[in-house]
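K.L.:
Handing over coords06.pdb, PDB, C-alpha atoms, pLDDT in the B column.
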```
MODEL        1
ATOM      1  CA  MET S   1       9.668  -8.705  15.800  1.00 41.00           C
ATOM      2  CA  PRO S   2      11.596 -11.513  14.112  1.00 44.00           C
ATOM      3  CA  SER S   3      15.150 -10.715  13.173  1.00 41.00           C
ATOM      4  CA  ALA S   4      14.683 -12.072   9.629  1.00 44.00           C
ATOM      5  CA  GLU S   5      13.026  -8.930   8.292  1.00 47.00           C
ATOM      6  CA  ILE S   6      13.187  -8.641   4.513  1.00 46.00           C
ATOM      7  CA  THR S   7      14.869  -5.502   3.343  1.00 48.00           C
ATOM      8  CA  SER S   8      15.667  -4.559  -0.183  1.00 52.00           C
ATOM      9  CA  TYR S   9      18.166  -1.950  -1.199  1.00 58.00           C
ATOM     10  CA  LYS S  10      17.923  -0.844  -4.796  1.00 63.00           C
ATOM     11  CA  PRO S  11      20.982   1.121  -5.832  1.00 66.00           C
ATOM     12  CA  THR S  12      20.363   3.810  -8.384  1.00 71.00           C
ATOM     13  CA  ARG S  13      21.758   3.589 -11.874  1.00 71.00           C
ATOM     14  CA  ARG S  14      24.131   6.409 -10.957  1.00 73.00           C
ATOM     15  CA  GLU S  15      25.489   4.429  -7.993  1.00 71.00           C
ATOM     16  CA  LEU S  16      26.001   1.360 -10.150  1.00 67.00           C
ATOM     17  CA  LEU S  17      27.813   3.374 -12.829  1.00 68.00           C
ATOM     18  CA  LYS S  18      30.031   4.932 -10.144  1.00 70.00           C
ATOM     19  CA  LEU S  19      30.869   1.454  -8.855  1.00 66.00           C
ATOM     20  CA  LEU S  20      31.730   0.409 -12.404  1.00 62.00           C
ATOM     21  CA  ALA S  21      33.996   3.426 -12.851  1.00 66.00           C
ATOM     22  CA  ASP S  22      35.650   2.830  -9.469  1.00 65.00           C
ATOM     23  CA  SER S  23      36.230  -0.829 -10.335  1.00 60.00           C
ATOM     24  CA  VAL S  24      37.940   0.087 -13.602  1.00 56.00           C
ATOM     25  CA  HIS S  25      39.955   2.819 -11.821  1.00 57.00           C
ATOM     26  CA  PHE S  26      41.324   0.310  -9.294  1.00 57.00           C
ATOM     27  CA  GLY S  27      42.724  -1.904 -12.053  1.00 56.00           C
ATOM     28  CA  LEU S  28      39.845  -4.283 -12.622  1.00 54.00           C
ATOM     29  CA  ASP S  29      39.531  -5.435 -16.164  1.00 62.00           C
ATOM     30  CA  PRO S  30      36.640  -3.556 -17.873  1.00 63.00           C
ATOM     31  CA  TYR S  31      35.038  -6.878 -18.858  1.00 61.00           C
ATOM     32  CA  ILE S  32      35.025  -8.046 -15.256  1.00 64.00           C
ATOM     33  CA  ALA S  33      33.664  -4.677 -14.164  1.00 59.00           C
ATOM     34  CA  ILE S  34      30.874  -4.871 -16.764  1.00 61.00           C
ATOM     35  CA  TRP S  35      30.049  -8.419 -15.678  1.00 60.00           C
ATOM     36  CA  GLN S  36      29.989  -7.252 -12.071  1.00 58.00           C
ATOM     37  CA  TYR S  37      27.668  -4.358 -13.023  1.00 57.00           C
ATOM     38  CA  SER S  38      25.332  -6.667 -14.953  1.00 59.00           C
ATOM     39  CA  HIS S  39      25.314  -9.197 -12.146  1.00 55.00           C
ATOM     40  CA  MET S  40      24.402  -6.528  -9.575  1.00 51.00           C
ATOM     41  CA  ALA S  41      21.712  -5.068 -11.821  1.00 45.00           C
ATOM     42  CA  MET S  42      20.082  -8.481 -12.205  1.00 44.00           C
ATOM     43  CA  ASN S  43      20.088  -9.170  -8.480  1.00 47.00           C
ATOM     44  CA  ILE S  44      18.451  -5.838  -7.638  1.00 47.00           C
ATOM     45  CA  HIS S  45      15.018  -7.148  -8.601  1.00 55.00           C
ATOM     46  CA  ALA S  46      14.296 -10.253  -6.549  1.00 60.00           C
ATOM     47  CA  ASP S  47      11.930 -12.598  -8.284  1.00 75.00           C
ATOM     48  CA  ARG S  48       8.353 -12.870  -7.059  1.00 79.00           C
ATOM     49  CA  LEU S  49       8.736 -16.486  -5.916  1.00 84.00           C
ATOM     50  CA  SER S  50      11.686 -15.672  -3.623  1.00 84.00           C
ATOM     51  CA  LEU S  51       9.775 -12.745  -2.108  1.00 85.00           C
ATOM     52  CA  THR S  52       6.752 -14.994  -1.562  1.00 88.00           C
ATOM     53  CA  PHE S  53       8.715 -17.744   0.173  1.00 89.00           C
ATOM     54  CA  ALA S  54      10.609 -15.203   2.273  1.00 88.00           C
ATOM     55  CA  ALA S  55       7.322 -13.603   3.334  1.00 90.00           C
ATOM     56  CA  LEU S  56       5.758 -16.961   4.192  1.00 92.00           C
ATOM     57  CA  ALA S  57       8.794 -18.076   6.207  1.00 92.00           C
ATOM     58  CA  ASP S  58       7.642 -16.033   9.189  1.00 91.00           C
ATOM     59  CA  PRO S  59       4.868 -17.580  11.358  1.00 92.00           C
ATOM     60  CA  THR S  60       3.473 -14.146  12.251  1.00 92.00           C
ATOM     61  CA  ARG S  61       2.968 -13.292   8.590  1.00 93.00           C
ATOM     62  CA  ARG S  62       1.348 -16.676   7.965  1.00 93.00           C
ATOM     63  CA  ALA S  63      -1.061 -15.983  10.842  1.00 93.00           C
ATOM     64  CA  ILE S  64      -1.809 -12.536   9.434  1.00 93.00           C
ATOM     65  CA  LEU S  65      -2.566 -14.099   6.045  1.00 93.00           C
ATOM     66  CA  ALA S  66      -4.851 -16.672   7.670  1.00 92.00           C
ATOM     67  CA  ARG S  67      -6.776 -13.866   9.391  1.00 91.00           C
ATOM     68  CA  LEU S  68      -7.023 -11.850   6.168  1.00 91.00           C
ATOM     69  CA  ALA S  69      -8.346 -14.920   4.349  1.00 90.00           C
ATOM     70  CA  LEU S  70     -11.474 -14.515   6.516  1.00 90.00           C
ATOM     71  CA  GLY S  71     -11.976 -10.927   5.362  1.00 87.00           C
ATOM     72  CA  ASN S  72     -10.539  -7.427   5.382  1.00 86.00           C
ATOM     73  CA  ALA S  73      -9.112  -6.101   8.621  1.00 87.00           C
ATOM     74  CA  ASP S  74      -7.316  -2.990   9.780  1.00 85.00           C
ATOM     75  CA  VAL S  75      -3.978  -3.011  11.552  1.00 88.00           C
ATOM     76  CA  SER S  76      -5.561  -2.677  15.001  1.00 88.00           C
ATOM     77  CA  GLU S  77      -7.608  -5.834  14.387  1.00 89.00           C
ATOM     78  CA  LEU S  78      -4.532  -7.694  13.173  1.00 90.00           C
ATOM     79  CA  MET S  79      -2.633  -6.697  16.339  1.00 90.00           C
ATOM     80  CA  LYS S  80      -5.114  -8.312  18.745  1.00 89.00           C
ATOM     81  CA  PRO S  81      -3.855 -11.931  18.675  1.00 90.00           C
ATOM     82  CA  PHE S  82      -0.200 -10.884  18.855  1.00 88.00           C
ATOM     83  CA  VAL S  83       1.921  -9.147  21.449  1.00 87.00           C
ATOM     84  CA  LEU S  84       3.254  -6.799  18.776  1.00 88.00           C
ATOM     85  CA  THR S  85       3.077  -3.076  18.237  1.00 90.00           C
ATOM     86  CA  GLN S  86       1.296  -1.363  15.369  1.00 90.00           C
ATOM     87  CA  PRO S  87       4.551  -0.457  13.569  1.00 90.00           C
ATOM     88  CA  THR S  88       5.685  -4.090  13.747  1.00 91.00           C
ATOM     89  CA  ILE S  89       2.418  -5.341  12.242  1.00 92.00           C
ATOM     90  CA  SER S  90       2.707  -2.654   9.554  1.00 90.00           C
ATOM     91  CA  LYS S  91       6.197  -3.867   8.692  1.00 90.00           C
ATOM     92  CA  HIS S  92       4.894  -7.418   8.363  1.00 92.00           C
ATOM     93  CA  LEU S  93       2.132  -6.129   6.093  1.00 92.00           C
ATOM     94  CA  ASN S  94       4.682  -4.283   3.958  1.00 89.00           C
ATOM     95  CA  VAL S  95       6.611  -7.535   3.469  1.00 90.00           C
ATOM     96  CA  LEU S  96       3.403  -9.347   2.483  1.00 92.00           C
ATOM     97  CA  GLU S  97       2.454  -6.500   0.153  1.00 89.00           C
ATOM     98  CA  ARG S  98       5.888  -6.478  -1.504  1.00 87.00           C
ATOM     99  CA  ALA S  99       5.509 -10.215  -2.107  1.00 87.00           C
ATOM    100  CA  GLY S 100       2.121  -9.601  -3.731  1.00 87.00           C
ATOM    101  CA  LEU S 101       0.213 -11.597  -1.115  1.00 91.00           C
ATOM    102  CA  VAL S 102      -1.913  -8.739   0.228  1.00 89.00           C
ATOM    103  CA  MET S 103      -3.026  -5.355  -0.978  1.00 85.00           C
ATOM    104  CA  CYS S 104      -2.955  -2.670   1.679  1.00 80.00           C
ATOM    105  CA  THR S 105      -5.225   0.311   1.293  1.00 78.00           C
ATOM    106  CA  ARG S 106      -4.616   3.335   3.373  1.00 73.00           C
ATOM    107  CA  LEU S 107      -7.379   5.607   4.573  1.00 70.00           C
ATOM    108  CA  LYS S 108      -5.825   8.539   2.726  1.00 73.00           C
ATOM    109  CA  ASP S 109      -5.952   6.597  -0.566  1.00 76.00           C
ATOM    110  CA  ILE S 110      -9.597   5.727  -0.001  1.00 78.00           C
ATOM    111  CA  ALA S 111     -10.479   9.318   0.922  1.00 79.00           C
ATOM    112  CA  GLU S 112      -8.843  10.611  -2.261  1.00 82.00           C
ATOM    113  CA  TRP S 113     -10.739   8.038  -4.315  1.00 82.00           C
ATOM    114  CA  LEU S 114     -14.054   8.902  -2.637  1.00 86.00           C
ATOM    115  CA  GLU S 115     -13.695  12.691  -2.929  1.00 88.00           C
ATOM    116  CA  PRO S 116     -15.337  13.096  -6.403  1.00 91.00           C
ATOM    117  CA  PHE S 117     -18.279  10.937  -5.294  1.00 92.00           C
ATOM    118  CA  ARG S 118     -18.670  12.953  -2.085  1.00 90.00           C
ATOM    119  CA  ARG S 119     -18.758  16.216  -4.043  1.00 93.00           C
ATOM    120  CA  PHE S 120     -21.245  14.756  -6.534  1.00 94.00           C
ATOM    121  CA  TRP S 121     -23.667  13.562  -3.833  1.00 94.00           C
ATOM    122  CA  GLU S 122     -23.325  16.719  -1.754  1.00 95.00           C
ATOM    123  CA  GLN S 123     -24.383  18.682  -4.824  1.00 95.00           C
ATOM    124  CA  LYS S 124     -27.347  16.348  -5.427  1.00 95.00           C
ATOM    125  CA  PHE S 125     -28.461  16.546  -1.789  1.00 94.00           C
ATOM    126  CA  ALA S 126     -28.146  20.335  -1.804  1.00 94.00           C
ATOM    127  CA  SER S 127     -30.370  20.446  -4.913  1.00 94.00           C
ATOM    128  CA  LEU S 128     -32.862  18.096  -3.285  1.00 95.00           C
ATOM    129  CA  ASP S 129     -32.856  20.212  -0.118  1.00 94.00           C
ATOM    130  CA  SER S 130     -33.564  23.422  -2.058  1.00 94.00           C
ATOM    131  CA  TYR S 131     -36.299  21.647  -4.062  1.00 94.00           C
ATOM    132  CA  LEU S 132     -37.973  20.415  -0.881  1.00 94.00           C
ATOM    133  CA  LYS S 133     -37.819  23.893   0.663  1.00 93.00           C
ATOM    134  CA  GLU S 134     -39.445  25.299  -2.494  1.00 92.00           C
ATOM    135  CA  MET S 135     -42.180  22.704  -2.290  1.00 92.00           C
ATOM    136  CA  GLN S 136     -42.812  23.565   1.376  1.00 91.00           C
ATOM    137  CA  LYS S 137     -43.125  27.281   0.495  1.00 91.00           C
ATOM    138  CA  LYS S 138     -45.569  26.494  -2.308  1.00 88.00           C
ATOM    139  CA  GLU S 139     -47.570  24.304   0.017  1.00 87.00           C
ATOM    140  CA  LYS S 140     -47.793  27.068   2.629  1.00 86.00           C
ATOM    141  CA  THR S 141     -48.710  29.776   0.117  1.00 84.00           C
ATOM    142  CA  GLY S 142     -51.157  27.536  -1.721  1.00 73.00           C
ATOM    143  CA  GLY S 143     -53.290  27.181   1.395  1.00 56.00           C
ATOM    144  CA  ARG S 144     -52.955  23.424   1.561  1.00 55.00           C
ATOM    145  CA  THR S 145     -52.622  21.756   4.906  1.00 53.00           C
ATOM    146  CA  LYS S 146     -50.701  18.658   5.773  1.00 55.00           C
ATOM    147  CA  ARG S 147     -52.634  15.560   6.639  1.00 54.00           C
TER     148      ARG S 147
ENDMDL
END
```
Let's see the structure in the file written out as structure tokens.

P.N.:
Amino acid sequence: MPSAEITSYKPTRRELLKLLADSVHFGLDPYIAIWQYSHMAMNIHADRLSLTFAALADPTRRAILARLALGNADVSELMKPFVLTQPTISKHLNVLERAGLVMCTRLKDIAEWLEPFRRFWEQKFASLDSYLKEMQKKEKTGGRTKR
């Protein structure tokens, strides 16, 4: 895996306020401390363009994007042309997803989305099954024979 992995640390508001308080406590002018706080808060959220260029800087991620341009693929399919492990490919996909270049769907997400449809159709098929069994009973008791 390339050493230029994108990582983003987003300090919480509480951490930033503590830093502000510590800065003032150590003799920093409150205005400088507030500027420092504002500057850090602005840099927490990297802009989309920087994330995109950082994601595209890696040749492996560019190759993954080229493959995905041909159609959807799972991680095991994306691993085939590379000598990389599944977790490494997943990390590359997370970088691409954070940059907004791909949308990863996980099987669990799909299963949760499909669940109401599965229940609906199971109920319909169960009704159809009971209706067909009723029709078979009527056919037997009515003396009709199958052709």

K.L.:
Select, from S:Val83, S:Ser76, S:Gly100, S:Arg67, the residue with the minimum atom-to-atom distance to Ala55 (chain S), counting all atoms listed in the file.

P.N.:
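With all atoms listed in the file as the atom set, the closest residue is S:Gly100.
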
K.L.:
Expanded to explicit residues, what is the PyMOL selection byres ((chain S and resi 85-96) around 8) for this file, as number ranges by chain?

P.N.:
S: 1, 6, 52, 55, 60-61, 75-76, 78-79, 83-84, 97-102, 104

K.L.:
Please compute the CA of Asp58 (chain S)-CA of Arg106 (chain S) distance, one decimal, in Å.

P.N.:
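So the two atoms, CA of Asp58 (chain S) and CA of Arg106 (chain S), lie 23.6 Å apart.
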
K.L.:
Can you measure CA of Ala69 (chain S) to CA of Leu114 (chain S) for me? One decimal in Å is fine.

P.N.:
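Atom-to-atom, CA of Ala69 (chain S) and CA of Leu114 (chain S) are spaced 25.5 Å apart.
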
K.L.:
Record the distance separating CA of Met103 (chain S) and CA of Leu65 (chain S), expressed in Å with one decimal.

P.N.:
11.2 Å
